[in-house]
>>> print(open('data_8.pdb').read())   # PDB, C-alpha atoms and all ligand atoms
MODEL        1
ATOM      1  CA  MET A 952     -25.086 -44.863-110.199  1.00  0.00           C
ATOM      2  CA  ALA A 953     -24.620 -47.557-112.823  1.00  0.00           C
ATOM      3  CA  ASP A 954     -22.951 -50.770-111.746  1.00  0.00           C
ATOM      4  CA  GLN A 955     -19.285 -50.429-112.668  1.00  0.00           C
ATOM      5  CA  PHE A 956     -19.121 -54.047-113.761  1.00  0.00           C
ATOM      6  CA  ASP A 957     -22.011 -53.474-116.185  1.00  0.00           C
ATOM      7  CA  ASP A 958     -20.170 -50.477-117.656  1.00  0.00           C
ATOM      8  CA  ILE A 959     -17.507 -52.788-119.134  1.00  0.00           C
ATOM      9  CA  VAL A 960     -17.961 -53.966-122.742  1.00  0.00           C
ATOM     10  CA  VAL A 961     -17.530 -57.752-122.796  1.00  0.00           C
ATOM     11  CA  ALA A 962     -16.298 -59.778-125.812  1.00  0.00           C
ATOM     12  CA  PRO A 963     -17.418 -60.598-128.400  1.00  0.00           C
ATOM     13  CA  ASP A 964     -18.470 -57.046-129.227  1.00  0.00           C
ATOM     14  CA  LYS A 965     -17.818 -55.015-132.390  1.00  0.00           C
ATOM     15  CA  ARG A 966     -16.659 -52.038-130.331  1.00  0.00           C
ATOM     16  CA  LEU A 967     -13.610 -54.076-129.263  1.00  0.00           C
ATOM     17  CA  LYS A 968     -12.685 -54.577-132.928  1.00  0.00           C
ATOM     18  CA  THR A 969     -12.876 -50.916-133.958  1.00  0.00           C
ATOM     19  CA  GLU A 970     -10.142 -48.384-134.717  1.00  0.00           C
ATOM     20  CA  CYS A 971     -10.657 -45.502-132.265  1.00  0.00           C
ATOM     21  CA  ALA A 972     -10.544 -41.813-133.174  1.00  0.00           C
ATOM     22  CA  PRO A 973      -7.779 -39.503-131.907  1.00  0.00           C
ATOM     23  CA  ILE A 974      -8.906 -36.954-129.316  1.00  0.00           C
ATOM     24  CA  GLU A 975      -8.722 -33.431-130.802  1.00  0.00           C
ATOM     25  CA  GLU A 976      -9.404 -31.440-127.659  1.00  0.00           C
ATOM     26  CA  ILE A 977      -9.444 -32.153-123.932  1.00  0.00           C
ATOM     27  CA  THR A 978     -13.003 -31.146-123.098  1.00  0.00           C
ATOM     28  CA  PRO A 979     -14.911 -31.583-119.817  1.00  0.00           C
ATOM     29  CA  GLU A 980     -16.472 -34.698-121.432  1.00  0.00           C
ATOM     30  CA  ILE A 981     -13.002 -36.175-121.977  1.00  0.00           C
ATOM     31  CA  ARG A 982     -12.048 -35.418-118.358  1.00  0.00           C
ATOM     32  CA  GLY A 983     -15.301 -37.035-117.243  1.00  0.00           C
ATOM     33  CA  LEU A 984     -14.552 -40.094-119.352  1.00  0.00           C
ATOM     34  CA  ALA A 985     -11.088 -40.399-117.734  1.00  0.00           C
ATOM     35  CA  LYS A 986     -12.650 -40.288-114.284  1.00  0.00           C
ATOM     36  CA  ARG A 987     -15.302 -42.852-115.235  1.00  0.00           C
ATOM     37  CA  MET A 988     -12.652 -45.198-116.641  1.00  0.00           C
ATOM     38  CA  LEU A 989     -10.487 -44.905-113.524  1.00  0.00           C
ATOM     39  CA  ASP A 990     -13.498 -45.520-111.285  1.00  0.00           C
ATOM     40  CA  ASP A 991     -14.405 -48.599-113.339  1.00  0.00           C
ATOM     41  CA  MET A 992     -10.809 -49.861-113.359  1.00  0.00           C
ATOM     42  CA  TYR A 993     -10.402 -49.607-109.584  1.00  0.00           C
ATOM     43  CA  ALA A 994     -13.878 -51.065-108.915  1.00  0.00           C
ATOM     44  CA  THR A 995     -13.135 -54.128-111.054  1.00  0.00           C
ATOM     45  CA  GLU A 996      -9.518 -54.372-109.806  1.00  0.00           C
ATOM     46  CA  GLY A 997      -7.993 -54.026-113.263  1.00  0.00           C
ATOM     47  CA  CYS A 998      -4.579 -52.491-113.907  1.00  0.00           C
ATOM     48  CA  GLY A 999      -5.566 -50.856-117.183  1.00  0.00           C
ATOM     49  CA  LEU A1000      -8.614 -49.911-119.207  1.00  0.00           C
ATOM     50  CA  ALA A1001      -9.091 -48.517-122.715  1.00  0.00           C
ATOM     51  CA  ALA A1002     -11.963 -46.238-123.783  1.00  0.00           C
ATOM     52  CA  PRO A1003     -13.576 -48.776-126.189  1.00  0.00           C
ATOM     53  CA  GLN A1004     -13.948 -51.104-123.184  1.00  0.00           C
ATOM     54  CA  VAL A1005     -16.528 -48.656-121.829  1.00  0.00           C
ATOM     55  CA  GLY A1006     -18.034 -48.160-125.290  1.00  0.00           C
ATOM     56  CA  GLU A1007     -16.276 -44.874-126.177  1.00  0.00           C
ATOM     57  CA  LEU A1008     -14.357 -45.154-129.437  1.00  0.00           C
ATOM     58  CA  VAL A1009     -11.657 -42.568-128.710  1.00  0.00           C
ATOM     59  CA  GLN A1010      -7.937 -42.910-128.059  1.00  0.00           C
ATOM     60  CA  MET A1011      -7.616 -42.841-124.310  1.00  0.00           C
ATOM     61  CA  VAL A1012      -6.306 -45.421-121.840  1.00  0.00           C
ATOM     62  CA  VAL A1013      -5.913 -45.395-118.082  1.00  0.00           C
ATOM     63  CA  ILE A1014      -3.256 -47.451-116.294  1.00  0.00           C
ATOM     64  CA  ASP A1015      -2.269 -48.057-112.691  1.00  0.00           C
ATOM     65  CA  VAL A1016      -0.109 -51.136-112.234  1.00  0.00           C
ATOM     66  CA  ASP A1017       0.728 -50.950-108.544  1.00  0.00           C
ATOM     67  CA  TYR A1018      -2.039 -49.350-106.537  1.00  0.00           C
ATOM     68  CA  THR A1019      -3.187 -50.185-103.055  1.00  0.00           C
ATOM     69  CA  GLU A1020      -6.304 -49.028-101.242  1.00  0.00           C
ATOM     70  CA  ARG A1021      -4.380 -46.073 -99.823  1.00  0.00           C
ATOM     71  CA  LYS A1022      -2.004 -45.216-102.611  1.00  0.00           C
ATOM     72  CA  ARG A1023      -2.982 -44.774-106.227  1.00  0.00           C
ATOM     73  CA  ASN A1024      -0.770 -43.748-109.089  1.00  0.00           C
ATOM     74  CA  PRO A1025      -3.013 -43.421-112.146  1.00  0.00           C
ATOM     75  CA  TYR A1026      -1.802 -42.563-115.625  1.00  0.00           C
ATOM     76  CA  VAL A1027      -4.183 -41.169-118.230  1.00  0.00           C
ATOM     77  CA  LEU A1028      -2.797 -41.484-121.754  1.00  0.00           C
ATOM     78  CA  ILE A1029      -4.439 -39.565-124.582  1.00  0.00           C
ATOM     79  CA  ASN A1030      -3.611 -40.481-128.198  1.00  0.00           C
ATOM     80  CA  PRO A1031      -0.796 -42.797-127.031  1.00  0.00           C
ATOM     81  CA  GLU A1032       1.698 -43.971-129.586  1.00  0.00           C
ATOM     82  CA  ILE A1033       4.306 -46.710-129.243  1.00  0.00           C
ATOM     83  CA  VAL A1034       7.505 -45.163-130.603  1.00  0.00           C
ATOM     84  CA  VAL A1035       9.861 -47.995-129.631  1.00  0.00           C
ATOM     85  CA  ALA A1036       9.059 -51.673-129.092  1.00  0.00           C
ATOM     86  CA  ASP A1037      12.137 -53.839-128.857  1.00  0.00           C
ATOM     87  CA  GLY A1038      14.195 -55.963-126.495  1.00  0.00           C
ATOM     88  CA  GLU A1039      13.706 -59.687-126.022  1.00  0.00           C
ATOM     89  CA  GLU A1040      10.263 -61.137-126.613  1.00  0.00           C
ATOM     90  CA  ARG A1041       8.593 -62.155-123.346  1.00  0.00           C
ATOM     91  CA  GLU A1042       5.582 -64.351-122.657  1.00  0.00           C
ATOM     92  CA  PHE A1043       3.283 -63.140-119.902  1.00  0.00           C
ATOM     93  CA  PRO A1044      -0.144 -64.321-118.676  1.00  0.00           C
ATOM     94  CA  GLU A1045      -2.580 -61.497-119.436  1.00  0.00           C
ATOM     95  CA  GLY A1046      -6.124 -60.880-118.320  1.00  0.00           C
ATOM     96  CA  CYS A1047      -8.567 -58.338-119.705  1.00  0.00           C
ATOM     97  CA  LEU A1048     -11.688 -56.806-118.148  1.00  0.00           C
ATOM     98  CA  SER A1049     -13.487 -57.459-121.467  1.00  0.00           C
ATOM     99  CA  PHE A1050     -12.656 -61.196-121.269  1.00  0.00           C
ATOM    100  CA  PRO A1051     -13.917 -62.245-117.825  1.00  0.00           C
ATOM    101  CA  GLY A1052     -12.660 -65.527-116.459  1.00  0.00           C
ATOM    102  CA  ILE A1053      -9.812 -66.231-118.860  1.00  0.00           C
ATOM    103  CA  THR A1054      -6.056 -65.723-118.910  1.00  0.00           C
ATOM    104  CA  VAL A1055      -4.028 -65.735-122.104  1.00  0.00           C
ATOM    105  CA  ARG A1056      -0.266 -66.115-122.497  1.00  0.00           C
ATOM    106  CA  VAL A1057       0.842 -63.418-124.939  1.00  0.00           C
ATOM    107  CA  THR A1058       4.345 -62.833-126.290  1.00  0.00           C
ATOM    108  CA  ARG A1059       5.396 -59.200-126.685  1.00  0.00           C
ATOM    109  CA  PRO A1060       8.596 -57.109-126.838  1.00  0.00           C
ATOM    110  CA  SER A1061      10.000 -56.478-123.336  1.00  0.00           C
ATOM    111  CA  HIS A1062      10.855 -52.790-123.819  1.00  0.00           C
ATOM    112  CA  VAL A1063       8.614 -49.963-124.977  1.00  0.00           C
ATOM    113  CA  VAL A1064       8.673 -46.206-125.224  1.00  0.00           C
ATOM    114  CA  VAL A1065       5.268 -44.539-125.489  1.00  0.00           C
ATOM    115  CA  ARG A1066       4.356 -40.929-126.200  1.00  0.00           C
ATOM    116  CA  ALA A1067       0.987 -39.558-125.149  1.00  0.00           C
ATOM    117  CA  ARG A1068      -0.766 -36.409-123.990  1.00  0.00           C
ATOM    118  CA  ASN A1069      -1.891 -36.194-120.380  1.00  0.00           C
ATOM    119  CA  LEU A1070      -5.146 -34.547-119.216  1.00  0.00           C
ATOM    120  CA  ASP A1071      -3.388 -31.155-119.183  1.00  0.00           C
ATOM    121  CA  GLY A1072      -2.488 -31.600-122.844  1.00  0.00           C
ATOM    122  CA  ASP A1073       1.227 -31.996-122.119  1.00  0.00           C
ATOM    123  CA  LEU A1074       3.178 -34.399-124.297  1.00  0.00           C
ATOM    124  CA  MET A1075       4.604 -37.099-122.022  1.00  0.00           C
ATOM    125  CA  GLN A1076       6.995 -39.982-122.629  1.00  0.00           C
ATOM    126  CA  TYR A1077       6.811 -43.279-120.778  1.00  0.00           C
ATOM    127  CA  GLU A1078       9.429 -46.014-120.856  1.00  0.00           C
ATOM    128  CA  ALA A1079       9.021 -49.505-119.425  1.00  0.00           C
ATOM    129  CA  LYS A1080      11.162 -52.618-119.558  1.00  0.00           C
ATOM    130  CA  ASP A1081      10.620 -56.162-118.321  1.00  0.00           C
ATOM    131  CA  ASN A1082       7.690 -55.324-116.089  1.00  0.00           C
ATOM    132  CA  LEU A1083       3.905 -55.251-115.874  1.00  0.00           C
ATOM    133  CA  MET A1084       3.888 -51.652-117.135  1.00  0.00           C
ATOM    134  CA  ALA A1085       5.568 -52.723-120.404  1.00  0.00           C
ATOM    135  CA  VAL A1086       2.898 -55.394-120.927  1.00  0.00           C
ATOM    136  CA  CYS A1087       0.031 -53.165-119.869  1.00  0.00           C
ATOM    137  CA  LEU A1088       1.022 -50.268-122.157  1.00  0.00           C
ATOM    138  CA  GLN A1089       1.055 -52.579-125.189  1.00  0.00           C
ATOM    139  CA  HIS A1090      -2.163 -54.391-124.199  1.00  0.00           C
ATOM    140  CA  GLU A1091      -4.123 -51.158-123.637  1.00  0.00           C
ATOM    141  CA  ILE A1092      -2.830 -49.357-126.724  1.00  0.00           C
ATOM    142  CA  ASP A1093      -3.774 -52.434-128.806  1.00  0.00           C
ATOM    143  CA  HIS A1094      -7.400 -51.880-127.688  1.00  0.00           C
ATOM    144  CA  LEU A1095      -7.399 -48.435-129.373  1.00  0.00           C
ATOM    145  CA  HIS A1096      -6.714 -50.149-132.678  1.00  0.00           C
ATOM    146  CA  GLY A1097      -9.316 -52.889-132.385  1.00  0.00           C
ATOM    147  CA  VAL A1098      -6.775 -55.486-131.248  1.00  0.00           C
ATOM    148  CA  THR A1099      -7.371 -57.704-128.216  1.00  0.00           C
ATOM    149  CA  MET A1100      -5.019 -60.153-126.467  1.00  0.00           C
ATOM    150  CA  LEU A1101      -6.670 -63.030-128.351  1.00  0.00           C
ATOM    151  CA  ASP A1102      -5.581 -61.541-131.670  1.00  0.00           C
ATOM    152  CA  HIS A1103      -1.986 -62.383-130.725  1.00  0.00           C
ATOM    153  CA  LEU A1104      -2.802 -66.109-130.694  1.00  0.00           C
ATOM    154  CA  ARG A1105      -2.811 -68.623-133.512  1.00  0.00           C
ATOM    155  CA  PRO A1106      -6.334 -69.375-134.854  1.00  0.00           C
ATOM    156  CA  LEU A1107      -6.810 -72.747-133.103  1.00  0.00           C
ATOM    157  CA  LYS A1108      -5.667 -71.400-129.736  1.00  0.00           C
ATOM    158  CA  ARG A1109      -7.850 -68.309-130.220  1.00  0.00           C
ATOM    159  CA  ALA A1110     -10.915 -70.465-130.908  1.00  0.00           C
ATOM    160  CA  ALA A1111     -10.193 -72.530-127.783  1.00  0.00           C
ATOM    161  CA  LYS A1112      -9.911 -69.364-125.697  1.00  0.00           C
ATOM    162  CA  MET A1113     -13.179 -67.979-127.117  1.00  0.00           C
ATOM    163  CA  HIS A1114     -14.833 -71.228-126.089  1.00  0.00           C
ATOM    164  CA  GLU A1115     -13.303 -70.930-122.616  1.00  0.00           C
ATOM    165  CA  LEU A1116     -14.680 -67.364-122.441  1.00  0.00           C
ATOM    166  CA  GLU A1117     -18.189 -68.549-123.350  1.00  0.00           C
ATOM    167  CA  GLU A1118     -18.024 -71.169-120.606  1.00  0.00           C
ATOM    168  CA  ALA A1119     -16.716 -68.664-118.060  1.00  0.00           C
ATOM    169  CA  LEU A1120     -19.493 -66.189-118.923  1.00  0.00           C
ATOM    170  CA  ALA A1121     -22.116 -68.943-118.724  1.00  0.00           C
ATOM    171  CA  ALA A1122     -20.724 -69.786-115.264  1.00  0.00           C
ATOM    172  CA  GLY A1123     -21.214 -66.163-114.203  1.00  0.00           C
ATOM    173  CA  ALA A1124     -17.700 -64.692-114.613  1.00  0.00           C
ATOM    174  CA  ARG A1125     -17.541 -60.923-114.229  1.00  0.00           C
ATOM    175  CA  PRO A1126     -14.980 -58.323-115.392  1.00  0.00           C
ATOM    176  CA  GLY A1127     -11.874 -58.689-113.251  1.00  0.00           C
ATOM    177  CA  ASP A1128     -12.199 -62.436-112.815  1.00  0.00           C
ATOM    178  CA  THR A1129      -9.251 -64.383-114.214  1.00  0.00           C
ATOM    179  CA  SER A1130      -8.677 -68.097-114.614  1.00  0.00           C
ATOM    180  CA  VAL A1131      -6.204 -69.992-112.484  1.00  0.00           C
ATOM    181  CA  ALA A1132      -4.616 -71.634-115.548  1.00  0.00           C
TER
HETATM  182 NI    NI A1201      -7.798 -55.475-122.182  1.00  0.00          NI
ENDMDL
END
>>> encode(input="data_8.pdb", output="structure tokens")
Amino acid sequence: MADQFDDIVVAPDKRLKTECAPIEEITPEIRGLAKRMLDDMYATEGCGLAAPQVGELVQMVVIDVDYTERKRNPYVLINPEIVVADGEEREFPEGCLSFPGITVRVTRPSHVVVRARNLDGDLMQYEAKDNLMAVCLQHEIDHLHGVTMLDHLRPLKRAAKMHELEEALAAGARPGDTSVA
């Protein structure tokens, strides 16, 4: 079996800057992709992962914001769409499996409503306010549209963070590692 850390696409990579295609049908391949993404997410101790982060340019994300070794509560969102993003803007330190070794403070709306299909094809609605889920939904759905957490920063700050990423990678950072800053 491939190393689950090696399965993660690390920035800079064109696949992280690409608009992903909607999923037309939930095939066995799509179910397999969901399983692979969840396996990778748990192995690297992430709380969310988007398909382009494993090199598949389709609109699927997996999220689990509060799992323990014994209890997992995974969400698989297919073709997710943010239908409401409002409330006060909040700054939160975000990490990303595709940016090993760095943390970035990103400001986003505190309340979101998201619609998505689940693996059974049912249309689901998710609402989150003032919590990690609200941040994670926006961060992961951004990935499906070629947007990373660094794209929310001003150019100078973004350049500094890219430099920090290069240094972290040179020092051997792996997906799931975050900075202490
Ligand atoms: Ni990410």
>>> residues_near_point(input="data_8.pdb", point="(0.8, -61.0, -120.9)", cutoff="9 Å", atoms="only C-alpha atoms", output="list in words")
Arg1041, Glu1042, Phe1043, Pro1044, Glu1045, Gly1046, Thr1054, Val1055, Arg1056, Val1057, Thr1058, Arg1059, Leu1083, Val1086, Cys1087, His1090 and Met1100 of chain A
>>> closest_atom_pairs(input="data_8.pdb", of="chain A", to="ligand NI 1201 (chain A)", cutoff="9 Å", atoms="only C-alpha atoms and all ligand atoms", output="tab-separated table")
residue	atom	partner	partner_atom	distance
A:Gly999	CA	A:NI1201	NI	7.2
A:Leu1000	CA	A:NI1201	NI	6.4
A:Ala1001	CA	A:NI1201	NI	7.1
A:Gln1004	CA	A:NI1201	NI	7.6
A:Glu1045	CA	A:NI1201	NI	8.4
A:Gly1046	CA	A:NI1201	NI	6.9
A:Cys1047	CA	A:NI1201	NI	3.9
A:Leu1048	CA	A:NI1201	NI	5.8
A:Ser1049	CA	A:NI1201	NI	6.1
A:Phe1050	CA	A:NI1201	NI	7.6
A:Cys1087	CA	A:NI1201	NI	8.5
A:His1090	CA	A:NI1201	NI	6.1
A:Glu1091	CA	A:NI1201	NI	5.9
A:Asp1093	CA	A:NI1201	NI	8.3
A:His1094	CA	A:NI1201	NI	6.6
A:Thr1099	CA	A:NI1201	NI	6.4
A:Met1100	CA	A:NI1201	NI	6.9
>>> atom_distance(input="data_8.pdb", atom1="CA of Ala972 in chain A", atom2="CA of Met988 in chain A")
17.0 Å
>>> residues_around(input="data_8.pdb", residues="range 1033-1035 of chain A", least_positions_apart="4", cutoff="6 Å", atoms="only C-alpha atoms", output="list in words")
Val1063, Val1064 and Val1065 of chain A
>>> atom_distance(input="data_8.pdb", atom1="CA of Gln955 in chain A", atom2="CA of Cys998 in chain A")
14.9 Å
>>> closest_residue(input="data_8.pdb", among="A:Leu1088, A:Leu1101, A:Leu967, A:Ile959", to="Val1012 in chain A", atoms="all atoms listed in the file")
A:Leu1088
>>> atom_distance(input="data_8.pdb", atom1="CA of Ile1014 in chain A", atom2="CA of Tyr1026 in chain A")
5.1 Å
>>> closest_residue(input="data_8.pdb", among="A:Val1005, A:Ala994, A:Leu989, A:Ala1122", to="Leu1028 in chain A", atoms="all atoms listed in the file")
A:Leu989
>>> closest_residue(input="data_8.pdb", among="A:Pro1051, A:Pro1003, A:Gly1123, A:Gly983", to="Lys965 in chain A", atoms="all atoms listed in the file")
A:Pro1003
>>> residues_near_point(input="data_8.pdb", point="(-11.2, -63.4, -111.4)", cutoff="10 Å", atoms="only C-alpha atoms", output="list in words")
Thr995, Glu996, Gly1046, Leu1048, Pro1051, Gly1052, Ile1053, Thr1054, Ala1124, Arg1125, Pro1126, Gly1127, Asp1128, Thr1129, Ser1130 and Val1131 of chain A
>>> closest_residue(input="data_8.pdb", among="A:Arg1068, A:Lys1080, A:Lys1112, A:His1062", to="Gln1010 in chain A", atoms="only C-alpha atoms")
A:Arg1068
>>> decode(input="data_8.pdb", residues="range 987-1057 of chain A", atoms="C-alpha atoms", output="PDB file, in the first residue's frame")
ATOM      1  CA  ARG A 987      -8.984   6.666   0.086  1.00  0.00           C
ATOM      2  CA  MET A 988      -9.417  10.311   1.099  1.00  0.00           C
ATOM      3  CA  LEU A 989     -10.753   9.379   4.540  1.00  0.00           C
ATOM      4  CA  ASP A 990      -7.902   6.917   5.060  1.00  0.00           C
ATOM      5  CA  ASP A 991      -5.390   9.606   4.069  1.00  0.00           C
ATOM      6  CA  MET A 992      -7.067  12.230   6.267  1.00  0.00           C
ATOM      7  CA  TYR A 993      -7.043  10.044   9.381  1.00  0.00           C
ATOM      8  CA  ALA A 994      -3.481   8.805   8.722  1.00  0.00           C
ATOM      9  CA  THR A 995      -2.162  12.369   8.468  1.00  0.00           C
ATOM     10  CA  GLU A 996      -4.396  13.613  11.325  1.00  0.00           C
ATOM     11  CA  GLY A 997      -6.165  16.213   9.201  1.00  0.00           C
ATOM     12  CA  CYS A 998      -9.733  17.357   9.822  1.00  0.00           C
ATOM     13  CA  GLY A 999     -10.590  17.769   6.151  1.00  0.00           C
ATOM     14  CA  LEU A1000      -9.345  16.831   2.708  1.00  0.00           C
ATOM     15  CA  ALA A1001     -10.428  17.789  -0.812  1.00  0.00           C
ATOM     16  CA  ALA A1002     -10.109  15.537  -3.879  1.00  0.00           C
ATOM     17  CA  PRO A1003      -7.518  17.737  -5.688  1.00  0.00           C
ATOM     18  CA  GLN A1004      -5.251  17.234  -2.655  1.00  0.00           C
ATOM     19  CA  VAL A1005      -4.944  13.590  -3.710  1.00  0.00           C
ATOM     20  CA  GLY A1006      -4.668  14.563  -7.380  1.00  0.00           C
ATOM     21  CA  GLU A1007      -8.307  13.914  -8.386  1.00  0.00           C
ATOM     22  CA  LEU A1008      -9.895  16.989  -9.938  1.00  0.00           C
ATOM     23  CA  VAL A1009     -13.508  16.302  -8.948  1.00  0.00           C
ATOM     24  CA  GLN A1010     -15.824  18.013  -6.482  1.00  0.00           C
ATOM     25  CA  MET A1011     -15.614  15.915  -3.365  1.00  0.00           C
ATOM     26  CA  VAL A1012     -14.435  16.737   0.158  1.00  0.00           C
ATOM     27  CA  VAL A1013     -14.246  14.696   3.332  1.00  0.00           C
ATOM     28  CA  ILE A1014     -14.473  16.274   6.788  1.00  0.00           C
ATOM     29  CA  ASP A1015     -14.287  15.022  10.355  1.00  0.00           C
ATOM     30  CA  VAL A1016     -13.626  17.779  12.869  1.00  0.00           C
ATOM     31  CA  ASP A1017     -13.870  15.903  16.152  1.00  0.00           C
ATOM     32  CA  TYR A1018     -12.758  12.311  15.823  1.00  0.00           C
ATOM     33  CA  THR A1019     -10.914  10.195  18.327  1.00  0.00           C
ATOM     34  CA  GLU A1020      -9.272   6.819  17.829  1.00  0.00           C
ATOM     35  CA  ARG A1021     -12.501   5.098  18.857  1.00  0.00           C
ATOM     36  CA  LYS A1022     -15.140   7.412  17.502  1.00  0.00           C
ATOM     37  CA  ARG A1023     -15.221   8.777  13.988  1.00  0.00           C
ATOM     38  CA  ASN A1024     -17.871  10.946  12.433  1.00  0.00           C
ATOM     39  CA  PRO A1025     -16.903  11.413   8.782  1.00  0.00           C
ATOM     40  CA  TYR A1026     -18.806  13.545   6.305  1.00  0.00           C
ATOM     41  CA  VAL A1027     -18.421  13.006   2.568  1.00  0.00           C
ATOM     42  CA  LEU A1028     -19.641  15.989   0.556  1.00  0.00           C
ATOM     43  CA  ILE A1029     -20.173  15.626  -3.180  1.00  0.00           C
ATOM     44  CA  ASN A1030     -20.594  18.759  -5.328  1.00  0.00           C
ATOM     45  CA  PRO A1031     -20.833  20.947  -2.196  1.00  0.00           C
ATOM     46  CA  GLU A1032     -22.118  24.457  -2.589  1.00  0.00           C
ATOM     47  CA  ILE A1033     -22.023  27.293  -0.066  1.00  0.00           C
ATOM     48  CA  VAL A1034     -25.540  28.744  -0.124  1.00  0.00           C
ATOM     49  CA  VAL A1035     -25.122  31.140   2.809  1.00  0.00           C
ATOM     50  CA  ALA A1036     -21.934  32.725   4.146  1.00  0.00           C
ATOM     51  CA  ASP A1037     -22.585  35.503   6.611  1.00  0.00           C
ATOM     52  CA  GLY A1038     -22.266  36.481  10.254  1.00  0.00           C
ATOM     53  CA  GLU A1039     -19.277  38.292  11.708  1.00  0.00           C
ATOM     54  CA  GLU A1040     -15.906  37.810  10.060  1.00  0.00           C
ATOM     55  CA  ARG A1041     -13.595  35.672  12.200  1.00  0.00           C
ATOM     56  CA  GLU A1042      -9.848  35.120  12.046  1.00  0.00           C
ATOM     57  CA  PHE A1043      -8.701  31.567  12.681  1.00  0.00           C
ATOM     58  CA  PRO A1044      -5.294  29.849  12.391  1.00  0.00           C
ATOM     59  CA  GLU A1045      -5.622  27.293   9.590  1.00  0.00           C
ATOM     60  CA  GLY A1046      -3.393  24.453   8.519  1.00  0.00           C
ATOM     61  CA  CYS A1047      -3.602  22.440   5.318  1.00  0.00           C
ATOM     62  CA  LEU A1048      -2.249  18.978   4.482  1.00  0.00           C
ATOM     63  CA  SER A1049      -0.951  20.441   1.187  1.00  0.00           C
ATOM     64  CA  PHE A1050       1.076  23.090   3.075  1.00  0.00           C
ATOM     65  CA  PRO A1051       3.144  21.075   5.568  1.00  0.00           C
ATOM     66  CA  GLY A1052       4.703  22.963   8.435  1.00  0.00           C
ATOM     67  CA  ILE A1053       2.861  26.266   8.171  1.00  0.00           C
ATOM     68  CA  THR A1054      -0.160  27.877   9.797  1.00  0.00           C
ATOM     69  CA  VAL A1055      -2.003  30.800   8.256  1.00  0.00           C
ATOM     70  CA  ARG A1056      -4.458  33.174   9.926  1.00  0.00           C
ATOM     71  CA  VAL A1057      -7.430  33.486   7.571  1.00  0.00           C
TER      72      VAL A1057
END
